[in-house]
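Just below is one structure, and these are the notes that go with it.
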Amino acid sequence: MSLEPLKERIGAINDLLTTVNLLVWDSRTMMPAGGAAARGRQVATLTRLARDLACDDDMMRRLEVAERDVAVAGVPEIDRAAVRQVRGAVDAHRRIPAELVERRARLQASATQSWIDARARDDFASFEPLLAETIVLARALADALGWSEHPYDALVNLYEPGETLASLRALFGELRPELKRILAGAQARPPARDVLSGDFPPAEQLALSARLAAAIGYDFKHGRIDPTVHPFEISFTRDDVRITTRFKPNHVAQSIFGTLHEAGHGLYEQNVDPSFTRSIFATDLLGLYAVGGTSYGAHESQSRLFENHVGRSAAFWRRRYPDLVTAFPVFASVPLEAFLAAITRVSPGLIRTDADEVTYDFHVMVRVEIEAALLDGSLAARDLPEVWREQVRANLGLEVPNDREGCLQDAHWAAGLVGSFCTYTIGNIMAAQLFETACASSPQIRTALEEGDVGPLSSWLRESVWRHGRRFHRNDLLAQATGSTLKLAPYLRHLSQRYLDPAR
Ligand code: ZN
């Protein structure tokens with residue numbers, strides 16, 4: 001069959017990209033600091049080879065043969081979809097000048113180092129020229145890919161196909177006032193006692209993290225968990241999907257919820273249909289990244305679902321609290337209710353990654369508007385700190401005391417990721433939509449969750465989301481699973497129920 005040459009090529013690209021993932025995993029868990037320069041070269045070389053394989057003349061011939069092959073009657077829709085996806089990615093690649101790819105790769109390495117130094121010294125001025133250049137190249141990428149209303153649209157399409165600046169502004173316009181209302185209500189609750197601070201040795205935190213990941217179904221026969229600085233999940237095909245976590249020795253929550261989050265990502269990857277291994281449905285051919293989830297937001301929906309909907313629920317902890325007490329006997333004298341109040345405490349803060357469920361999206365909305373303004377030139381890089389302060393004041397009611405806790409806090413822009421922040425909020429909204437539908441679809445899911453059993457929920461997610469990998473567009477996946485494309489109401493119901501209902 002003449003689809004084979006194309007499939008074979010995608011398989012080879014996937015092999016290169018999963019190998020890049022392995023090198024990245026190593027560099028963020030095991031590698032000594034001195035290995036960074038050599039590792040950067042290795043990753044750059046393999047990524048360049050993957051890109052060459054994705055758009056060289058031989059690839060074009062294989063693609064044309066495959067297109068003729070699927071054009072005849074009787075070919076399964078899944079094969080047509082595969083070929084369409086390859087065509088979209090290949091055409092996009094061929095619009096991006098090779099010189100721009102090189103410049104972006106080179107800049108990313110120096111900008112990341114400059115950002116690390118600038119953040120450590122709270123010295124935005126030293127990072128500003130590299131940020132300015134990053135934006136110039138991001139704009140060049142947007143122009144090469146093509147856009148009609150706003151350059152942001154071309155970049156968001158890399159991470160969350162289907163969204164545009166206009167669609168996000170409409171969504172945020174609905175979300176912002178509702179979040180402000182929920183935040184005001186949550187802050188009117190009696191303050192939670194701080195029962196999460198204490199002395200928690202990392203070894204015990206790691207053991208507890210592993211137990212909790214296993215409790216939600218993360219498969220250690222095809223995975224492992226290791227400590228890192230900025231936690232992530234990464235896969236080398238569905239057969240080897242790794243997660244990472246981090247610990248604060250004096251606070252227990254970060255490792256618990258960070259682990260549930262990454263294990264949620266891991267569940268998605270471990271449960272992609274085995275027949276999609278090494279295929280376009282497990283390969284982001286445009287982003288040159290081996291991943292099974294259909295969009296960044298869809299991926300984030302699974303991590304947030306297990307972190308927040310499952311992981312911060314009373315039902316989960318009624319069953320798992322003994323694990324916590326075994327790991328840290330100090331919790332024997334802490335009532336479950338006090339623990340639950342502490343893990344659902346709401347308090348606006350400066351740092352996105354530390355934000356609670358109610359204030360998290362404000363951080364995202366701030367970044368999306370700033371990215372759009374940087375890209376269209378209405379904001380210059382040098383004015384970023386001031387605009388950041390204004391935005392944080394307007395959205396969170398806080399004063400930003402320095403740039404380290406302000407515009408220098410995230411690694412994304414230095415890494416060349418412009419247009420990806422919105423996917424965190426898309427993930428939050430999508431998580432609630434999927435969770436609400438799952439619970440409504442079968443009373444057994446809710447009953448099992450009340451007993452601490454995520455099995456029936458996982459079966460629903462496997463069937464509706466995980467197994468499909470990247471086969472469907474996010475909105476098609478949502479429509480099939482929930483009967484509707486992205487919808488805000490379930491998310492607002494979830495937050496209102498948890499943070500406004502006094503009988504919680
Ligand atoms: Zn995540």
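Just remember, in the structure tokens the first chain shown is A, the second B, etc., residues are 1-based per chain, and ligands are 1-based in the order shown.
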Using only C-alpha atoms, which residues of stretch 176-248 of chain A come within 7 Å of stretch 20-25 of chain A, and what is the closest atom pair for each, with the distance in Å to one decimal? Give it as a tab-separated table, sorted by chain and residue number.
residue	atom	partner	partner_atom	distance
A:Ile234	CA	A:Asn21	CA	6.7
A:Ser235	CA	A:Asn21	CA	6.8
A:Phe236	CA	A:Asn21	CA	6.5
Please find the residues contacting ligand 1 at a distance of at most 12 Å between atoms, with only C-alpha atoms and all ligand atoms counted, and report them as a compact mmCIF listing (two decimals) with N, CA and C atoms, in the first residue's frame.
# COMPACT_ATOMS: atom_id res chain seq x y z
N HIS A 230 11.90 22.39 37.64
CA HIS A 230 10.57 22.79 37.14
C HIS A 230 9.88 21.54 36.61
N PRO A 231 8.91 21.00 37.36
CA PRO A 231 8.32 19.70 37.00
C PRO A 231 7.70 19.67 35.60
N PHE A 232 7.75 18.51 35.00
CA PHE A 232 7.22 18.30 33.65
C PHE A 232 6.93 16.82 33.47
N GLU A 233 6.18 16.52 32.42
CA GLU A 233 5.95 15.14 31.98
C GLU A 233 6.51 15.05 30.57
N ILE A 234 7.06 13.89 30.21
CA ILE A 234 7.62 13.75 28.86
C ILE A 234 7.55 12.28 28.46
N ILE A 243 7.43 11.20 34.61
CA ILE A 243 6.99 12.41 35.29
C ILE A 243 8.05 12.84 36.30
N THR A 244 7.96 14.11 36.68
CA THR A 244 8.91 14.67 37.63
C THR A 244 8.14 15.48 38.66
N THR A 245 8.79 15.74 39.79
CA THR A 245 8.15 16.55 40.81
C THR A 245 9.22 17.33 41.56
N PHE A 257 0.47 18.15 44.76
CA PHE A 257 -0.36 18.60 43.64
C PHE A 257 0.43 18.70 42.34
N GLY A 258 1.73 18.97 42.48
CA GLY A 258 2.58 18.92 41.29
C GLY A 258 2.61 17.52 40.70
N THR A 259 2.69 16.51 41.58
CA THR A 259 2.72 15.12 41.11
C THR A 259 1.40 14.71 40.48
N LEU A 260 0.29 15.05 41.13
CA LEU A 260 -1.02 14.70 40.55
C LEU A 260 -1.17 15.36 39.18
N HIS A 261 -0.68 16.59 39.08
CA HIS A 261 -0.74 17.32 37.80
C HIS A 261 0.05 16.56 36.71
N GLU A 262 1.30 16.27 36.99
CA GLU A 262 2.13 15.62 35.96
C GLU A 262 1.64 14.20 35.68
N ALA A 263 1.14 13.51 36.70
CA ALA A 263 0.60 12.16 36.47
C ALA A 263 -0.64 12.23 35.58
N GLY A 264 -1.42 13.32 35.69
CA GLY A 264 -2.57 13.50 34.79
C GLY A 264 -2.11 13.62 33.35
N HIS A 265 -1.05 14.42 33.12
CA HIS A 265 -0.45 14.47 31.77
C HIS A 265 -0.01 13.06 31.35
N GLY A 266 0.61 12.34 32.30
CA GLY A 266 1.15 11.02 31.99
C GLY A 266 0.06 10.03 31.60
N TYR A 268 -2.67 10.62 30.03
CA TYR A 268 -3.05 10.89 28.63
C TYR A 268 -2.08 10.15 27.70
N GLY A 293 -0.98 14.12 23.02
CA GLY A 293 -2.18 14.92 23.24
C GLY A 293 -2.48 15.84 22.08
N SER A 295 -3.79 18.98 21.77
CA SER A 295 -3.36 20.38 21.82
C SER A 295 -2.77 20.59 23.20
N TYR A 296 -2.06 21.71 23.36
CA TYR A 296 -1.50 22.00 24.68
C TYR A 296 -2.63 22.12 25.72
N GLY A 297 -3.72 22.76 25.30
CA GLY A 297 -4.84 22.94 26.23
C GLY A 297 -5.50 21.62 26.59
N ALA A 298 -5.65 20.75 25.60
CA ALA A 298 -6.23 19.43 25.88
C ALA A 298 -5.35 18.66 26.85
N HIS A 299 -4.03 18.78 26.67
CA HIS A 299 -3.10 18.10 27.58
C HIS A 299 -3.26 18.67 28.99
N GLU A 300 -3.31 19.99 29.05
CA GLU A 300 -3.42 20.64 30.36
C GLU A 300 -4.75 20.28 31.02
N SER A 301 -5.77 20.01 30.22
CA SER A 301 -7.07 19.66 30.82
C SER A 301 -6.96 18.36 31.63
N GLN A 302 -6.13 17.44 31.18
CA GLN A 302 -6.02 16.17 31.91
C GLN A 302 -5.21 16.34 33.19
N SER A 303 -4.18 17.18 33.14
CA SER A 303 -3.40 17.42 34.37
C SER A 303 -4.23 18.18 35.39
N ARG A 304 -4.97 19.18 34.93
CA ARG A 304 -5.78 19.98 35.86
C ARG A 304 -6.95 19.16 36.41
N LEU A 305 -7.48 18.27 35.58
CA LEU A 305 -8.59 17.42 36.04
C LEU A 305 -8.14 16.59 37.25
N PHE A 306 -6.96 15.98 37.14
CA PHE A 306 -6.50 15.13 38.25
C PHE A 306 -5.93 15.95 39.40
N GLU A 307 -5.34 17.07 39.10
CA GLU A 307 -4.82 17.92 40.18
C GLU A 307 -5.98 18.55 40.98
N ASN A 308 -6.95 19.11 40.28
CA ASN A 308 -7.97 19.92 40.96
C ASN A 308 -9.30 19.21 41.18
N THR A 353 2.91 30.09 38.96
CA THR A 353 2.97 28.65 39.25
C THR A 353 2.55 28.33 40.68
N SER A 420 1.68 30.65 23.96
CA SER A 420 1.28 29.37 24.58
C SER A 420 0.56 29.54 25.92
N PHE A 421 0.67 30.72 26.55
CA PHE A 421 0.11 30.86 27.91
C PHE A 421 -1.39 30.58 27.97
N THR A 423 -3.07 28.41 26.81
CA THR A 423 -3.47 27.00 26.88
C THR A 423 -3.68 26.54 28.32
N TYR A 424 -3.12 27.26 29.29
CA TYR A 424 -3.37 26.89 30.69
C TYR A 424 -4.84 27.15 31.05
N THR A 425 -5.36 28.27 30.60
CA THR A 425 -6.76 28.58 30.91
C THR A 425 -7.70 27.70 30.08
N ILE A 426 -7.34 27.48 28.81
CA ILE A 426 -8.14 26.55 28.00
C ILE A 426 -8.21 25.19 28.72
N GLY A 427 -7.08 24.76 29.26
CA GLY A 427 -7.03 23.48 29.98
C GLY A 427 -7.95 23.48 31.19
N ASN A 428 -7.95 24.56 31.96
CA ASN A 428 -8.84 24.64 33.13
C ASN A 428 -10.30 24.52 32.72
N ALA A 431 -11.08 21.00 31.34
CA ALA A 431 -11.09 19.99 32.41
C ALA A 431 -12.47 19.94 33.06
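Residues in contact with stretch 136-139 of chain A at up to 10 Å, not including ones fewer than 6 positions away on its chain and judged by only C-alpha atoms, are Leu100, Val101, Arg103, Arg104, Leu107, Leu130, Leu145, Pro151, Tyr152, Ala154, Leu155, Leu374, Leu375, Asp376, Gly377, Trp413, Gly416, Leu417, Val418 and Gly419 of chain A.
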Can I get the selection written as a CSV table (one decimal), in the first residue's frame, with N, CA, C and O atoms?
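Saved the output as out26.csv:
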chain,number,residue,atom,x,y,z
A,100,LEU,N,15.5,31.6,9.4
A,100,LEU,CA,14.7,32.0,10.6
A,100,LEU,C,14.7,30.8,11.7
A,100,LEU,O,14.9,31.1,12.9
A,101,VAL,N,14.6,29.6,11.2
A,101,VAL,CA,14.7,28.5,12.2
A,101,VAL,C,16.0,28.5,12.9
A,101,VAL,O,16.1,28.3,14.1
A,103,ARG,N,18.1,31.1,13.3
A,103,ARG,CA,18.3,32.2,14.2
A,103,ARG,C,17.5,32.0,15.5
A,103,ARG,O,17.9,32.4,16.6
A,104,ARG,N,16.3,31.5,15.4
A,104,ARG,CA,15.5,31.2,16.6
A,104,ARG,C,16.1,30.2,17.5
A,104,ARG,O,16.1,30.4,18.7
A,107,LEU,N,19.1,31.9,19.2
A,107,LEU,CA,18.7,32.9,20.2
A,107,LEU,C,18.1,32.3,21.4
A,107,LEU,O,18.4,32.8,22.5
A,130,LEU,N,17.6,40.8,24.5
A,130,LEU,CA,17.3,39.5,24.0
A,130,LEU,C,15.8,39.2,23.9
A,130,LEU,O,15.3,38.5,23.0
A,145,LEU,N,4.2,32.2,8.8
A,145,LEU,CA,3.1,31.2,8.8
A,145,LEU,C,1.8,31.8,8.2
A,145,LEU,O,1.0,31.1,7.6
A,151,PRO,N,-1.1,39.1,14.4
A,151,PRO,CA,0.0,38.1,14.3
A,151,PRO,C,-0.1,37.0,15.4
A,151,PRO,O,0.4,35.9,15.2
A,152,TYR,N,-0.7,37.4,16.6
A,152,TYR,CA,-0.8,36.4,17.7
A,152,TYR,C,-1.5,35.2,17.2
A,152,TYR,O,-1.2,34.0,17.6
A,154,ALA,N,-1.4,33.5,14.4
A,154,ALA,CA,-0.5,32.5,13.8
A,154,ALA,C,0.2,31.7,14.8
A,154,ALA,O,0.5,30.5,14.6
A,155,LEU,N,0.6,32.4,15.9
A,155,LEU,CA,1.4,31.7,16.9
A,155,LEU,C,0.6,30.8,17.8
A,155,LEU,O,1.0,29.7,18.2
A,374,LEU,N,3.2,43.0,22.5
A,374,LEU,CA,4.6,43.0,22.1
A,374,LEU,C,4.6,42.6,20.6
A,374,LEU,O,5.4,43.2,19.9
A,375,LEU,N,3.8,41.7,20.2
A,375,LEU,CA,3.8,41.2,18.8
A,375,LEU,C,3.4,42.2,17.8
A,375,LEU,O,3.9,42.3,16.7
A,376,ASP,N,2.3,43.0,18.2
A,376,ASP,CA,1.9,44.0,17.2
A,376,ASP,C,2.6,45.3,17.3
A,376,ASP,O,2.3,46.3,16.6
A,377,GLY,N,3.5,45.4,18.2
A,377,GLY,CA,4.4,46.6,18.3
A,377,GLY,C,3.8,47.7,19.2
A,377,GLY,O,4.4,48.7,19.4
A,413,TRP,N,9.1,33.0,27.4
A,413,TRP,CA,9.5,33.9,26.4
A,413,TRP,C,10.9,33.7,26.0
A,413,TRP,O,11.3,33.7,24.8
A,416,GLY,N,11.4,31.1,23.6
A,416,GLY,CA,10.8,31.3,22.3
A,416,GLY,C,9.4,31.0,22.2
A,416,GLY,O,8.8,31.0,21.2
A,417,LEU,N,8.8,30.6,23.4
A,417,LEU,CA,7.4,30.2,23.4
A,417,LEU,C,6.5,31.5,23.5
A,417,LEU,O,6.3,32.0,24.7
A,418,VAL,N,6.0,32.0,22.4
A,418,VAL,CA,5.1,33.2,22.5
A,418,VAL,C,3.8,32.7,21.9
A,418,VAL,O,3.7,32.3,20.8
A,419,GLY,N,2.7,32.9,22.8
A,419,GLY,CA,1.4,32.4,22.3
A,419,GLY,C,0.9,31.2,23.0
A,419,GLY,O,-0.1,30.7,22.7
Show me a table, sorted first by chain and then by increasing residue number, of the residues of stretch 31-126 of chain A having an atom at most 12 Å from stretch 452-474 of chain A, each with its shortest atom pair and the distance in Å to one decimal, counting only C-alpha atoms and written as JSON lines.
{"residue": "A:Glu77", "atom": "CA", "partner": "A:Arg471", "partner_atom": "CA", "distance": 10.7}
{"residue": "A:Ile78", "atom": "CA", "partner": "A:Arg471", "partner_atom": "CA", "distance": 7.9}
{"residue": "A:Asp79", "atom": "CA", "partner": "A:Arg471", "partner_atom": "CA", "distance": 10.1}
{"residue": "A:Arg80", "atom": "CA", "partner": "A:Arg471", "partner_atom": "CA", "distance": 10.9}
{"residue": "A:Ala81", "atom": "CA", "partner": "A:Arg471", "partner_atom": "CA", "distance": 7.4}
{"residue": "A:Ala82", "atom": "CA", "partner": "A:Arg471", "partner_atom": "CA", "distance": 7.5}
{"residue": "A:Val83", "atom": "CA", "partner": "A:Arg471", "partner_atom": "CA", "distance": 11.1}
{"residue": "A:Arg84", "atom": "CA", "partner": "A:Arg471", "partner_atom": "CA", "distance": 10.8}
{"residue": "A:Gln85", "atom": "CA", "partner": "A:Arg471", "partner_atom": "CA", "distance": 8.8}
{"residue": "A:Val86", "atom": "CA", "partner": "A:Arg471", "partner_atom": "CA", "distance": 11.5}
Polymer residues at most 10 Å from A:Val43, only C-alpha atoms, same-chain spacing of 2 or more positions, as a ChimeraX atom specification
/A:16-17,19-24,38-41,45-49
I need the chosen residues saved as a CSV table (one decimal), in the first residue's frame, with N, CA and C atoms.
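Heads up, here's the output in result_10.csv:
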chain,number,residue,atom,x,y,z
A,16,LEU,N,13.4,10.2,16.1
A,16,LEU,CA,14.3,11.3,16.4
A,16,LEU,C,13.8,12.1,17.5
A,17,LEU,N,12.5,12.5,17.5
A,17,LEU,CA,11.9,13.4,18.4
A,17,LEU,C,11.7,12.7,19.8
A,19,THR,N,13.8,10.6,20.9
A,19,THR,CA,15.2,10.6,21.4
A,19,THR,C,15.6,12.0,21.9
A,20,VAL,N,15.1,13.0,21.2
A,20,VAL,CA,15.3,14.4,21.8
A,20,VAL,C,14.6,14.5,23.2
A,21,ASN,N,13.4,13.9,23.3
A,21,ASN,CA,12.7,13.9,24.6
A,21,ASN,C,13.6,13.3,25.7
A,22,LEU,N,14.2,12.1,25.3
A,22,LEU,CA,15.0,11.4,26.3
A,22,LEU,C,16.2,12.3,26.7
A,23,LEU,N,16.8,13.0,25.8
A,23,LEU,CA,17.9,13.9,26.1
A,23,LEU,C,17.5,15.0,27.0
A,24,VAL,N,16.3,15.5,26.7
A,24,VAL,CA,15.7,16.6,27.5
A,24,VAL,C,15.4,16.2,28.9
A,38,ALA,N,27.1,20.7,25.4
A,38,ALA,CA,27.2,19.6,24.5
A,38,ALA,C,25.7,19.1,24.2
A,39,ARG,N,24.9,19.1,25.3
A,39,ARG,CA,23.6,18.6,25.2
A,39,ARG,C,22.8,19.5,24.2
A,40,GLY,N,23.0,20.8,24.4
A,40,GLY,CA,22.3,21.8,23.5
A,40,GLY,C,22.6,21.5,22.0
A,41,ARG,N,23.9,21.1,21.7
A,41,ARG,CA,24.2,20.8,20.3
A,41,ARG,C,23.6,19.5,19.9
A,45,THR,N,21.0,19.3,16.7
A,45,THR,CA,21.3,18.5,15.5
A,45,THR,C,20.2,17.5,15.3
A,46,LEU,N,19.7,16.8,16.3
A,46,LEU,CA,18.6,15.9,16.1
A,46,LEU,C,17.3,16.6,15.6
A,47,THR,N,17.0,17.8,16.2
A,47,THR,CA,15.8,18.5,15.8
A,47,THR,C,16.0,19.0,14.3
A,48,ARG,N,17.2,19.4,13.9
A,48,ARG,CA,17.4,19.8,12.5
A,48,ARG,C,17.2,18.6,11.6
A,49,LEU,N,17.7,17.5,12.0
A,49,LEU,CA,17.5,16.3,11.1
A,49,LEU,C,16.0,15.9,11.0
What gap, in Å, lies between atom CA of A:Leu384 and atom CA of A:Gly406?
9.8 Å
Can you tell me which residues surround A:Tyr321 at a distance of at most 10 Å, considering only C-alpha atoms, apart from same-chain residues fewer than 2 positions away, and format the answer as JSON, numbers by chain?
{"A": [314, 316, 317, 318, 319, 323, 324, 325, 326, 327, 331, 332, 335, 336, 339]}
Convert the current residue selection to file output with N, CA, C and O atoms, as a short mmCIF file (atom, residue, chain, number, x, y, z; two decimals), in the first residue's frame.
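Just written: part28.cif:
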data_model
loop_
_atom_site.label_atom_id
_atom_site.label_comp_id
_atom_site.auth_asym_id
_atom_site.auth_seq_id
_atom_site.Cartn_x
_atom_site.Cartn_y
_atom_site.Cartn_z
N ALA A 314 -12.84 16.38 48.53
CA ALA A 314 -12.96 15.71 49.83
C ALA A 314 -12.98 14.20 49.64
O ALA A 314 -12.38 13.45 50.42
N PHE A 316 -11.54 12.24 47.45
CA PHE A 316 -10.20 11.67 47.22
C PHE A 316 -9.45 11.56 48.55
O PHE A 316 -8.85 10.53 48.85
N TRP A 317 -9.54 12.61 49.36
CA TRP A 317 -8.75 12.62 50.59
C TRP A 317 -9.36 11.79 51.70
O TRP A 317 -8.65 11.33 52.59
N ARG A 318 -10.69 11.60 51.67
CA ARG A 318 -11.28 10.68 52.66
C ARG A 318 -10.62 9.31 52.54
O ARG A 318 -10.39 8.62 53.52
N ARG A 319 -10.30 8.93 51.31
CA ARG A 319 -9.68 7.64 51.06
C ARG A 319 -8.15 7.67 51.21
O ARG A 319 -7.53 6.72 51.67
N ASP A 323 -2.73 7.56 53.79
CA ASP A 323 -1.41 7.56 53.14
C ASP A 323 -0.59 8.76 53.62
O ASP A 323 0.62 8.65 53.85
N LEU A 324 -1.26 9.90 53.72
CA LEU A 324 -0.58 11.12 54.15
C LEU A 324 -0.12 10.98 55.61
O LEU A 324 1.02 11.33 55.95
N VAL A 325 -1.00 10.42 56.45
CA VAL A 325 -0.66 10.24 57.87
C VAL A 325 0.49 9.25 58.02
O VAL A 325 1.39 9.45 58.85
N THR A 326 0.49 8.19 57.21
CA THR A 326 1.59 7.22 57.27
C THR A 326 2.92 7.89 56.91
O THR A 326 3.94 7.69 57.56
N ALA A 327 2.88 8.72 55.85
CA ALA A 327 4.12 9.39 55.42
C ALA A 327 4.55 10.43 56.45
O ALA A 327 5.74 10.55 56.75
N PHE A 331 0.11 14.60 60.65
CA PHE A 331 -1.27 14.80 60.19
C PHE A 331 -2.30 13.98 60.98
O PHE A 331 -3.49 14.18 60.82
N ALA A 332 -1.80 13.06 61.83
CA ALA A 332 -2.73 12.30 62.67
C ALA A 332 -3.55 13.24 63.56
O ALA A 332 -4.70 12.96 63.89
N PRO A 335 -7.38 17.49 61.67
CA PRO A 335 -8.64 16.97 61.11
C PRO A 335 -8.65 17.09 59.59
O PRO A 335 -8.09 18.04 59.04
N LEU A 336 -9.28 16.13 58.93
CA LEU A 336 -9.36 16.15 57.46
C LEU A 336 -9.92 17.48 56.96
O LEU A 336 -9.45 18.03 55.96
N PHE A 339 -7.33 20.10 56.68
CA PHE A 339 -6.46 19.84 55.53
C PHE A 339 -7.16 20.28 54.24
O PHE A 339 -6.58 20.96 53.39
#
Which of these residues is nearest to A:Leu168, using only C-alpha atoms: A:Val358, A:Cys422, A:Leu340, A:Leu488?
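Among A:Val358, A:Cys422, A:Leu340, A:Leu488, it is A:Cys422 that comes nearest to A:Leu168.
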Which residues come within 10 Å of A:Gly198, counting only C-alpha atoms, excluding same-chain residues fewer than 2 positions away, as a list in words?
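Neighbouring residues, sequence-local ones excluded: Asp194, Val195, Leu196, Phe200, Pro201, Lys248, Pro249, Asn250, His251, Val252, Phe328 and Val330 of chain A.
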Report as a PyMOL selection string all protein, DNA and RNA residues lying within 10 Å of stretch 491-502 of chain A, evaluated on only C-alpha atoms, omitting residues in the same chain fewer than 4 positions from it.
chain A and resi 175+178-179+181-189+309+312-313+344-346+357-358+428-436+487
Would you put the residues from that selection into a file with C-alpha atoms, as a tab-separated table (two decimals), in the first residue's frame?
chain	number	residue	atom	x	y	z
A	175	LEU	CA	-14.40	34.83	32.52
A	178	GLU	CA	-17.07	35.90	37.08
A	179	LEU	CA	-13.65	35.13	38.54
A	181	ARG	CA	-17.05	37.61	41.86
A	182	ILE	CA	-15.89	34.14	42.93
A	183	LEU	CA	-12.63	35.55	44.30
A	184	ALA	CA	-14.49	38.10	46.43
A	185	GLY	CA	-16.72	35.35	47.82
A	186	ALA	CA	-13.80	33.02	48.50
A	187	GLN	CA	-11.91	35.75	50.32
A	188	ALA	CA	-14.91	36.35	52.56
A	189	ARG	CA	-14.58	32.80	53.94
A	309	HIS	CA	-11.20	18.06	40.29
A	312	ARG	CA	-8.51	18.70	45.77
A	313	SER	CA	-11.79	16.89	46.43
A	344	THR	CA	-8.47	24.99	48.72
A	345	ARG	CA	-7.22	28.23	50.25
A	346	VAL	CA	-7.57	31.23	47.94
A	357	GLU	CA	-7.51	27.65	41.31
A	358	VAL	CA	-9.44	30.93	41.50
A	428	ASN	CA	-8.84	24.64	33.13
A	429	ILE	CA	-12.06	25.25	31.22
A	430	MET	CA	-11.85	22.01	29.26
A	431	ALA	CA	-11.09	19.99	32.41
A	432	ALA	CA	-14.34	21.16	34.03
A	433	GLN	CA	-16.34	20.50	30.87
A	434	LEU	CA	-15.02	16.94	30.58
A	435	PHE	CA	-15.30	16.19	34.30
A	436	GLU	CA	-18.89	17.46	34.49
A	487	LYS	CA	-17.84	25.94	27.02
Nearest to A:Ala203 among A:Asn475, A:Ser2, A:Gln113, A:Ser255, with distances taken over only C-alpha atoms: which residue is it?
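Ranked by minimum distance to A:Ala203, first place goes to A:Ser255.
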